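Here's the structure we're looking at; comments come further down.
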Amino acid sequence: MAFRHPDRATPLIFCIALTLVFAAAGPPADATAQSPSVVNDSSPLEFTYFGAAGWKISDGKVVVLIDPWPSRLKYGGGGHPDDDRPDFARTDVAWSDTTLIDSLITEADFILVHHSHFDHLGDVPYIAQKTGAKVIGTETAVMILRAYGIPSDQLYAVGGGEDYQFEGFSVRVVPAIHSALNEKHYHDTRRYDETTELEAPLRIDQFIEGGSLSFLARFDRHEVLTMGSMNFIEREFEGLEPDILLAGINGSRLGLYDYDRRLLETTGFPPIVIPTHWDNFRLPYGFSQQPNIERNILPFIETVGRLSPGTRVIEPVHLEPFTVR
Ligand SMILES: [Zn+2]
């Protein structure tokens with residue numbers, strides 16, 4: 001499959017000048033937040049956005065992937081007329097664009113999986129097999145990966161509440177809830193466990209949610225709170241105080257009560273917020289994301305500027321690495 005490099009009109013990093021004076025209960029501006037475009041020799045954290053909820057984050061020692069799904073298959077409708085790739089139905093067998101993945105991902109130490117929907121877990125079987133990375137996810141995710149033959153010693157089934165120390169990296173698993181899809185009618189309690197019979201390759205619709213998680217990923221100098229959905233449980237985020245928040249900001253969040261304010265407040269008004277899962281993930285890399293930028297990112301930046309003047313919002317561009325000191 002041809003790989004088109006993003007033809008982007010937006011700057012690599014969109015730093016907001018925060019000029020509003022915020023009184024009363026507003027958070028203090030963080031004087032320690034440095035320009036994320038500045039690289040120095042003090043182990044900056046490098047981020048690469050794969051689209052959807054997918055990321056590579058590395059501090060130079062540990063490479064962590066989050067919901068990596070470079071395949072971005074055209075499935076379930078919502079494609080673009082200029083996208084001449086095959087259309088997949090949800091009942092079709094899942095497929096990964098291994099050529100594209102090989103061009104983007106060569107190594108990984110950990111893969112964190114927020115939930116098991118296809119746009120989160122779909123490429124993890126191939127990437128886990130290819131890299132040997134340790135995968136942390138729900139039991140549902142682990143059962144799917146076992147069906148694909150990923151060895152058990154690579155797999156860590158978690159339910160939320162675990163706080164694991166690895167070499168050079170620790171991760172706290174935070175219980176979460178899924179986006180309020182289908183005008184809030186979405187609710188899926190299905191889970192896979194030891195008794196579930198799965199045969200790889202699965203169909204796309206066999207990638208069920210299986211419960212949702214967030215992660216507090218602790219690197220050498222930064223704590224990153226990740227989201228894989230446009231939803232969260234306030235009491236689970238309270239007290240975590242990450243310095244970097246990957247904030248789920250797709251349109252479904254607008255169906256939730258006072259989402260932006262509750263999210264910023266409960267996470268302690270993080271110095272750096274990076275929007276995630278905001279793009280049209282059925283489009284291949286290189287297609288314009290301008291409608292989603294205008295619908296999701298720009299209003300969010302405006303809201304953050306008003307609610308949390310000390311926060312810098314970084315606008316990620318597909319496959320364009322940026323660093324945070
Ligand atoms: Zn999902």
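Simple scheme: letters A, B, ... for chains in structure tokens order, numbers from 1 for residues in each chain, numbers from 1 for ligands in the order shown.
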For this session: Quick one: pick out all strand (DSSP E or B) residues within range 14-158 of chain A from a backbone DSSP run and write them as a count of residues only.
Result: 31
Exercise. Would you name the residues within 8 Å of ligand 1, counting only C-alpha atoms and all ligand atoms, and put them as a PyMOL selection string?
Worked result: chain A and resi 115-120+178-179+209+228-229
Take the residues just selected and output them with C-alpha atoms as a CSV table (one decimal), in the first residue's frame.
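Saved to out.csv:
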```
chain,number,residue,atom,x,y,z
A,115,HIS,CA,-9.8,-1.2,25.4
A,116,SER,CA,-10.2,-3.9,22.8
A,117,HIS,CA,-12.2,-2.2,20.0
A,118,PHE,CA,-10.6,-2.7,16.6
A,119,ASP,CA,-9.2,0.9,16.3
A,120,HIS,CA,-7.3,0.3,19.5
A,178,HIS,CA,-16.0,4.2,27.2
A,179,SER,CA,-17.2,7.1,25.1
A,209,GLU,CA,-14.6,-3.3,24.0
A,228,GLY,CA,-8.5,6.0,25.0
A,229,SER,CA,-12.0,7.3,25.0
```
Exercise. If you count only C-alpha atoms, which residues fall within 7 Å of range 70-84 of chain A, apart from same-chain ones fewer than 6 positions away, as a list of chain:residue names?
Worked result: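 The contact residues come out as A:Phe50, A:Arg90, A:Ser96, A:Asp97, A:Ile101, A:Phe281, A:Arg282, A:Leu283, A:Pro284.
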Problem set entry | Shell around Ile127 in chain A at 8 Å using only C-alpha atoms, local window under 4 positions removed, as a ChimeraX atom specification | /A:101,105,123,131-133
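Non-sequential neighbours of Arg253 in chain A (distance at most 9 Å, separation of 6 or more positions within a chain, only C-alpha atoms) are Ser179, Ala180, Ser229, Met230, Asn231, Tyr259 and Asp260 of chain A.
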For this session: From a DSSP pass on the backbone, collect the residues of range 20-259 of chain A flagged as alpha helix (DSSP H) and hand them back as a PyMOL selection string.
Result: chain A and resi 98-104+118-121+124-131+139-147+234-237+259
For this session: Name the closest residue to Gly161 in chain A among the candidates A:Gly60, A:Gly149, A:Pro175, A:Pro270; distances are taken between atoms, counting only C-alpha atoms.
Result: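 Among the listed residues, A:Pro175 lies closest to Gly161 in chain A.
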Compile the contact shell of Asp67 in chain A as a PDB file with N, CA and C atoms, in the first residue's frame: residues with an atom at most 6 Å away, counting only C-alpha atoms, same-chain residues fewer than 5 positions apart removed.
```pdb
ATOM      1  N   ALA A  53      -6.395   6.725  19.011  1.00  0.00           N
ATOM      2  CA  ALA A  53      -5.821   6.916  20.350  1.00  0.00           C
ATOM      3  C   ALA A  53      -4.378   6.414  20.402  1.00  0.00           C
ATOM      4  N   GLY A  54      -3.726   6.360  19.242  1.00  0.00           N
ATOM      5  CA  GLY A  54      -2.433   5.689  19.134  1.00  0.00           C
ATOM      6  C   GLY A  54      -1.225   6.597  19.273  1.00  0.00           C
ATOM      7  N   VAL A 113      -2.950  -0.891  26.277  1.00  0.00           N
ATOM      8  CA  VAL A 113      -4.177  -0.964  25.471  1.00  0.00           C
ATOM      9  C   VAL A 113      -5.359  -0.498  26.326  1.00  0.00           C
ATOM     10  N   HIS A 120      -8.249   0.211  18.425  1.00  0.00           N
ATOM     11  CA  HIS A 120      -7.265   0.270  19.523  1.00  0.00           C
ATOM     12  C   HIS A 120      -6.369  -0.966  19.538  1.00  0.00           C
TER      13      HIS A 120
END
```
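Distance check against Thr140 in chain A using only C-alpha atoms: of A:Ser212, A:Ser43, A:Thr311, A:Asn280, the minimum falls on A:Ser212.
From CA of Ile314 in chain A back to CA of Phe269 in chain A, the distance works out to 14.5 Å.
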Exercise. For Gly255 in chain A, which of A:Ala94, A:Ile233, A:Ala157, A:Leu181 is the closest residue, counting only C-alpha atoms?
Worked result: A:Leu181
Problem set entry | For CA of Thr266 in chain A and CA of Glu238 in chain A, the interatomic separation in Å (one decimal) |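 Calculated distance between CA of Thr266 in chain A and CA of Glu238 in chain A is 5.2 Å.
Minimum atom-to-atom distances from A:His114, A:Arg146, A:Arg85, A:His277 to Pro201 in chain A were compared using only C-alpha atoms, and the lowest value belongs to A:Arg146.
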Exercise. Quick one: of A:Ser103, A:Thr91, A:Ser58, A:Gln129, who's nearest to Phe207 in chain A, counting only C-alpha atoms?
Worked result: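 The closest residue to Phe207 in chain A is A:Thr91.
Atom pair CA of Val93 in chain A / CA of Leu202 in chain A: separated by 5.8 Å.
The closest residue to Asn182 in chain A, picked from A:Pro271, A:Gly251, A:Pro299, A:Pro309 and counting only C-alpha atoms, is A:Gly251.
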